[in-house]
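Undergrad: Handing you a structure now.
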Amino acid sequence: MKLDLITDLPKLEQVEINGVRHYTANDGSIETPYPSVTTVLSSDKSKSAGIQKWRDRVGEEEANRVSHMATQRGTAVHQIMEDYILAQEPITKPMPVHIATASKLKKWVDVYVGDVKLVEGQMFSHHLRTAGTVDLVAEWDGQMAIIDWKTSKYAKKREYVESYFMQEAAYAVMFEERTGIPVTRLVTAIAYDEPNNGCQLFVEKRDDWIDKFMELREMYDTQLQSMLQTEVGSANQSDTRGVL
C-alpha cells in the first residue's frame with residue numbers, strides 16, 4: 001500500500017433543505033445545492049418500507065437502540081480504517097469490539113490495496129447532480145476501485161446490498177469527473193458478526209449499477225417536486241381559510 005493522495009479537490013459544505021442533507025462546494029462550483037448520495041438512495045421506498053416493517057415488529061425503543069449501536073460501530077470502524085490507511089495515531093482510543101471488527105477489514109487492505117488516492121474524500125458530480133463522501137479510492141488487486149467499508153450483525157445476501165453498489169457507482173462517476181481518472185471496479189467489504197464472525201467481499205462493475213442510481217436520482221426529483229407542490233397547496237388552503 002502506498003499513499004498517492006489527491007488533495008486539491010473542493011471542500012463540501014453541508015446545508016439542510018426541507019430537513020434533508022444537501023451540499024455546496026467552497027469554491028462556488030455548485031450553484032444549486034446537491035442532495036447527498038444516501039439521500040438519493042432513500043428515494044427507493046421499497047427499502048424504506050422494509051425498514052419500517054422491522055421497526056414495527058421489534059418496537060420503536062428497540063429499533064432506536066439497535067440503530068444507535070449500529071451507527072456508533074460504523075462510525076468507529078470507519079475512523080479506525082482511516083487511521084490505519086493513513087498511518088496516523090487515533091485521536092481517541094477505540095473500543096476493543098470496534099478494533100476487532102476493523103481487524104477483519106484490515107486483512108483485505110493488506111492483501112489487495114495498492115496506490116491510495118482518497119481516504120474519506122468529499123466529491124460531487126454535475127452530471128449526477130449529487131455529492132457525498134467516499135470511504136476509499138485506491139487500487140484493489142491492481143485496478144483502481146471505489147472501496148466501501150460496511151459493518152453488520154449478520155452476513156448479507158447480495159440482493160440485499162444492491163444500494164451499496166449504486167452508491168459506489170455514483171462515487172466512481174464523481175471521481176472520474178473531478179480527476180479524469182476512470183474507475184470501473186466497485187468493492188464492498190462487510191465485517192459481520194454472525195454466523196461465523198467473518199468478512200464478506202462483493203466486487204462489482206460500475207456500469208452495471210450507474211443507470212440504476214440515475215433512475216433513483218430522477219425519482220428523487222419527482223418526489224421532491226410532489227412534496228413541494230403539496231406544501232404549496234396546503235399553504236394556499238390555509239390562506240383561503242384565513243380570508244373566509
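Just so we're on the same page: first chain in the C-alpha cells is A, next is B, and so on; residues restart at 1 for each chain, and ligands are numbered from 1 in the order they show up.
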So which residues touch Met174 in chain A within 8 Å, counting only C-alpha atoms, skipping near sequence neighbours fewer than 3 positions away, as a PyMOL selection string?

TA: chain A and resi 123-125+131+170-171+177-178

Undergrad: Just to be explicit: take each residue in the selection above, keep N, CA, C and O atoms, and write the result as a compact mmCIF listing (two decimals), in the first residue's frame.

TA:
# COMPACT_ATOMS: atom_id res chain seq x y z
N MET A 123 -16.64 14.52 -2.61
CA MET A 123 -16.72 14.67 -4.07
C MET A 123 -18.15 15.06 -4.47
O MET A 123 -19.09 14.93 -3.68
N PHE A 124 -18.29 15.52 -5.71
CA PHE A 124 -19.61 15.78 -6.27
C PHE A 124 -19.55 15.58 -7.77
O PHE A 124 -18.47 15.47 -8.37
N SER A 125 -20.73 15.50 -8.39
CA SER A 125 -20.82 15.35 -9.84
C SER A 125 -21.90 16.27 -10.37
O SER A 125 -23.05 16.23 -9.92
N ALA A 131 -23.74 14.61 -4.38
CA ALA A 131 -22.45 14.75 -3.71
C ALA A 131 -22.37 13.76 -2.56
O ALA A 131 -23.38 13.17 -2.15
N ALA A 170 -21.98 5.77 -8.13
CA ALA A 170 -22.06 7.24 -8.15
C ALA A 170 -20.72 7.85 -7.77
O ALA A 170 -20.26 8.82 -8.38
N TYR A 171 -20.06 7.30 -6.75
CA TYR A 171 -18.74 7.81 -6.36
C TYR A 171 -17.73 7.64 -7.49
O TYR A 171 -16.84 8.49 -7.67
N GLU A 177 -15.11 12.44 -12.88
CA GLU A 177 -15.46 13.80 -13.27
C GLU A 177 -14.53 14.82 -12.64
O GLU A 177 -14.14 15.81 -13.28
N ARG A 178 -14.14 14.58 -11.41
CA ARG A 178 -13.30 15.54 -10.69
C ARG A 178 -11.82 15.40 -11.02
O ARG A 178 -11.06 16.36 -10.92

Undergrad: Quick one: residues within 6 Å of range 104-121 of chain A, only C-alpha atoms, excluding same-chain residues fewer than 4 positions away - as a compact mmCIF listing (two decimals) with N, CA and C atoms, in the first residue's frame?

TA:
# COMPACT_ATOMS: atom_id res chain seq x y z
N MET A 1 0.84 -1.20 0.00
CA MET A 1 0.00 0.00 0.00
C MET A 1 0.88 1.24 0.00
N LYS A 2 0.53 2.19 -0.88
CA LYS A 2 1.30 3.42 -0.98
C LYS A 2 0.34 4.61 -1.09
N LEU A 3 0.61 5.66 -0.31
CA LEU A 3 -0.22 6.85 -0.36
C LEU A 3 0.20 7.75 -1.51
N ASP A 4 -0.74 8.01 -2.40
CA ASP A 4 -0.55 8.93 -3.52
C ASP A 4 -1.79 9.82 -3.58
N LEU A 5 -2.02 10.56 -2.49
CA LEU A 5 -3.29 11.22 -2.25
C LEU A 5 -3.52 12.43 -3.14
N ILE A 6 -4.77 12.57 -3.58
CA ILE A 6 -5.22 13.76 -4.28
C ILE A 6 -5.75 14.73 -3.23
N THR A 133 -19.36 11.56 0.43
CA THR A 133 -18.03 11.25 0.94
C THR A 133 -17.74 9.77 0.74
N VAL A 134 -16.69 9.49 -0.01
CA VAL A 134 -16.32 8.10 -0.32
C VAL A 134 -15.34 7.59 0.75
N ASP A 135 -15.48 6.33 1.12
CA ASP A 135 -14.59 5.75 2.12
C ASP A 135 -13.15 5.69 1.61
N LEU A 136 -12.97 5.13 0.41
CA LEU A 136 -11.62 4.91 -0.10
C LEU A 136 -11.64 4.80 -1.61
N VAL A 137 -10.71 5.48 -2.26
CA VAL A 137 -10.43 5.28 -3.68
C VAL A 137 -8.98 4.84 -3.77
N ALA A 138 -8.77 3.64 -4.26
CA ALA A 138 -7.42 3.08 -4.28
C ALA A 138 -7.36 1.92 -5.28
N GLU A 139 -6.15 1.51 -5.59
CA GLU A 139 -6.01 0.28 -6.36
C GLU A 139 -6.44 -0.91 -5.52
N TRP A 140 -7.23 -1.76 -6.13
CA TRP A 140 -7.64 -3.02 -5.49
C TRP A 140 -7.22 -4.15 -6.41
N ASP A 141 -6.27 -4.91 -5.96
CA ASP A 141 -5.73 -6.00 -6.78
C ASP A 141 -5.26 -5.48 -8.14

Undergrad: For the strand (DSSP E or B) assignment from backbone DSSP, which residues of range 89-170 of chain A qualify? Please present them as a ChimeraX atom specification.

TA: /A:113-125,130-140,143-154

Undergrad: Write out as a ChimeraX atom specification the residues lying within 10 Å of range 15-29 of chain A, counting only C-alpha atoms and excluding same-chain residues fewer than 5 positions away.

TA: /A:9-10,34-39,122-124,126,130-132,224,227-228

Undergrad: Please, could you write that set of residues out with all heavy atoms as a compact mmCIF listing (two decimals), in the first residue's frame?

TA:
# COMPACT_ATOMS: atom_id res chain seq x y z
N LEU A 9 -9.08 18.74 -4.26
CA LEU A 9 -10.50 18.75 -4.60
C LEU A 9 -11.24 19.79 -3.75
O LEU A 9 -10.85 20.06 -2.61
CB LEU A 9 -11.11 17.37 -4.36
CG LEU A 9 -10.56 16.22 -5.20
CD1 LEU A 9 -11.28 14.92 -4.85
CD2 LEU A 9 -10.68 16.51 -6.69
N PRO A 10 -12.30 20.39 -4.29
CA PRO A 10 -13.08 21.36 -3.50
C PRO A 10 -13.67 20.71 -2.24
O PRO A 10 -13.99 19.52 -2.24
CB PRO A 10 -14.21 21.78 -4.47
CG PRO A 10 -13.69 21.46 -5.83
CD PRO A 10 -12.80 20.25 -5.67
N TYR A 34 -26.64 20.18 -4.04
CA TYR A 34 -26.91 18.83 -4.50
C TYR A 34 -27.27 17.93 -3.31
O TYR A 34 -26.65 18.04 -2.24
CB TYR A 34 -25.68 18.23 -5.19
CG TYR A 34 -25.34 18.84 -6.53
CD1 TYR A 34 -24.03 18.84 -6.99
CD2 TYR A 34 -26.31 19.42 -7.34
CE1 TYR A 34 -23.69 19.37 -8.23
CE2 TYR A 34 -25.99 19.96 -8.57
CZ TYR A 34 -24.67 19.94 -9.01
OH TYR A 34 -24.35 20.47 -10.23
N PRO A 35 -28.24 17.02 -3.49
CA PRO A 35 -28.52 16.07 -2.41
C PRO A 35 -27.38 15.08 -2.25
O PRO A 35 -26.63 14.81 -3.19
CB PRO A 35 -29.79 15.36 -2.91
CG PRO A 35 -29.71 15.45 -4.40
CD PRO A 35 -29.08 16.79 -4.67
N SER A 36 -27.23 14.55 -1.05
CA SER A 36 -26.22 13.54 -0.82
C SER A 36 -26.60 12.24 -1.53
O SER A 36 -27.77 12.02 -1.86
CB SER A 36 -26.06 13.27 0.68
OG SER A 36 -27.22 12.62 1.19
N VAL A 37 -25.62 11.39 -1.75
CA VAL A 37 -25.88 10.10 -2.39
C VAL A 37 -26.87 9.29 -1.57
O VAL A 37 -27.80 8.68 -2.11
CB VAL A 37 -24.56 9.32 -2.57
CG1 VAL A 37 -24.84 7.92 -3.09
CG2 VAL A 37 -23.63 10.06 -3.53
N THR A 38 -26.69 9.27 -0.25
CA THR A 38 -27.59 8.49 0.60
C THR A 38 -29.00 9.06 0.59
O THR A 38 -29.98 8.31 0.69
CB THR A 38 -27.06 8.43 2.04
OG1 THR A 38 -26.76 9.77 2.50
CG2 THR A 38 -25.79 7.60 2.12
N THR A 39 -29.14 10.37 0.44
CA THR A 39 -30.46 10.98 0.31
C THR A 39 -31.14 10.50 -0.96
O THR A 39 -32.33 10.16 -0.96
CB THR A 39 -30.35 12.51 0.31
OG1 THR A 39 -29.86 12.96 1.58
CG2 THR A 39 -31.68 13.16 0.04
N GLN A 122 -14.30 13.90 -0.04
CA GLN A 122 -15.54 14.58 -0.45
C GLN A 122 -15.51 14.82 -1.96
O GLN A 122 -14.53 15.32 -2.50
CB GLN A 122 -15.68 15.90 0.28
CG GLN A 122 -15.85 15.76 1.78
CD GLN A 122 -15.98 17.10 2.47
OE1 GLN A 122 -15.40 18.10 2.05
NE2 GLN A 122 -16.75 17.14 3.55
N MET A 123 -16.64 14.52 -2.61
CA MET A 123 -16.72 14.67 -4.07
C MET A 123 -18.15 15.06 -4.47
O MET A 123 -19.09 14.93 -3.68
CB MET A 123 -16.35 13.37 -4.77
CG MET A 123 -14.95 12.87 -4.51
SD MET A 123 -14.58 11.43 -5.54
CE MET A 123 -15.77 10.23 -4.93
N PHE A 124 -18.29 15.52 -5.71
CA PHE A 124 -19.61 15.78 -6.27
C PHE A 124 -19.55 15.58 -7.77
O PHE A 124 -18.47 15.47 -8.37
CB PHE A 124 -20.09 17.20 -5.94
CG PHE A 124 -19.23 18.29 -6.54
CD1 PHE A 124 -19.49 18.79 -7.81
CD2 PHE A 124 -18.16 18.83 -5.83
CE1 PHE A 124 -18.71 19.80 -8.36
CE2 PHE A 124 -17.37 19.83 -6.38
CZ PHE A 124 -17.64 20.32 -7.65
N HIS A 126 -21.55 17.10 -11.35
CA HIS A 126 -22.55 17.92 -12.03
C HIS A 126 -23.44 17.03 -12.90
O HIS A 126 -24.63 17.33 -13.07
CB HIS A 126 -21.87 18.98 -12.88
CG HIS A 126 -21.16 20.04 -12.09
ND1 HIS A 126 -21.75 20.71 -11.03
CD2 HIS A 126 -19.90 20.55 -12.19
CE1 HIS A 126 -20.89 21.59 -10.52
NE2 HIS A 126 -19.77 21.50 -11.21
N THR A 130 -25.29 15.28 -7.61
CA THR A 130 -25.27 14.73 -6.27
C THR A 130 -23.86 14.84 -5.70
O THR A 130 -22.91 15.13 -6.43
CB THR A 130 -25.75 13.26 -6.27
OG1 THR A 130 -25.93 12.80 -4.95
CG2 THR A 130 -24.74 12.36 -6.96
N ALA A 131 -23.74 14.61 -4.38
CA ALA A 131 -22.45 14.75 -3.71
C ALA A 131 -22.37 13.76 -2.56
O ALA A 131 -23.38 13.17 -2.15
CB ALA A 131 -22.26 16.18 -3.20
N GLY A 132 -21.17 13.58 -2.03
CA GLY A 132 -21.01 12.67 -0.90
C GLY A 132 -19.56 12.45 -0.53
O GLY A 132 -18.65 13.05 -1.11
N LEU A 224 -39.46 15.11 -4.70
CA LEU A 224 -39.27 16.43 -4.12
C LEU A 224 -40.27 17.42 -4.71
O LEU A 224 -40.86 18.23 -3.98
CB LEU A 224 -37.83 16.90 -4.39
CG LEU A 224 -37.47 18.30 -3.87
CD1 LEU A 224 -37.61 18.35 -2.36
CD2 LEU A 224 -36.06 18.68 -4.29
N MET A 227 -43.65 16.82 -3.22
CA MET A 227 -43.72 17.32 -1.85
C MET A 227 -43.88 18.83 -1.82
O MET A 227 -44.68 19.37 -1.04
CB MET A 227 -42.46 16.91 -1.08
CG MET A 227 -42.47 17.34 0.37
SD MET A 227 -40.94 16.88 1.23
CE MET A 227 -39.75 17.95 0.39
N LEU A 228 -43.13 19.53 -2.67
CA LEU A 228 -43.22 20.98 -2.71
C LEU A 228 -44.59 21.44 -3.17
O LEU A 228 -45.14 22.42 -2.65
CB LEU A 228 -42.12 21.54 -3.62
CG LEU A 228 -40.68 21.37 -3.14
CD1 LEU A 228 -39.70 21.87 -4.20
CD2 LEU A 228 -40.46 22.09 -1.83

Undergrad: Go through A:Ile190, A:Ala76, A:Ala100, A:Val203 one by one, measure the shortest atom-to-atom distance of each to Ile146 in chain A using only C-alpha atoms, and give the residue with the smallest value.

TA: A:Val203

Undergrad: How far is it from CA of Glu218 in chain A to CA of Val187 in chain A, in Å with one decimal?

TA: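 Pair CA of Glu218 in chain A / CA of Val187 in chain A returns 25.1 Å.
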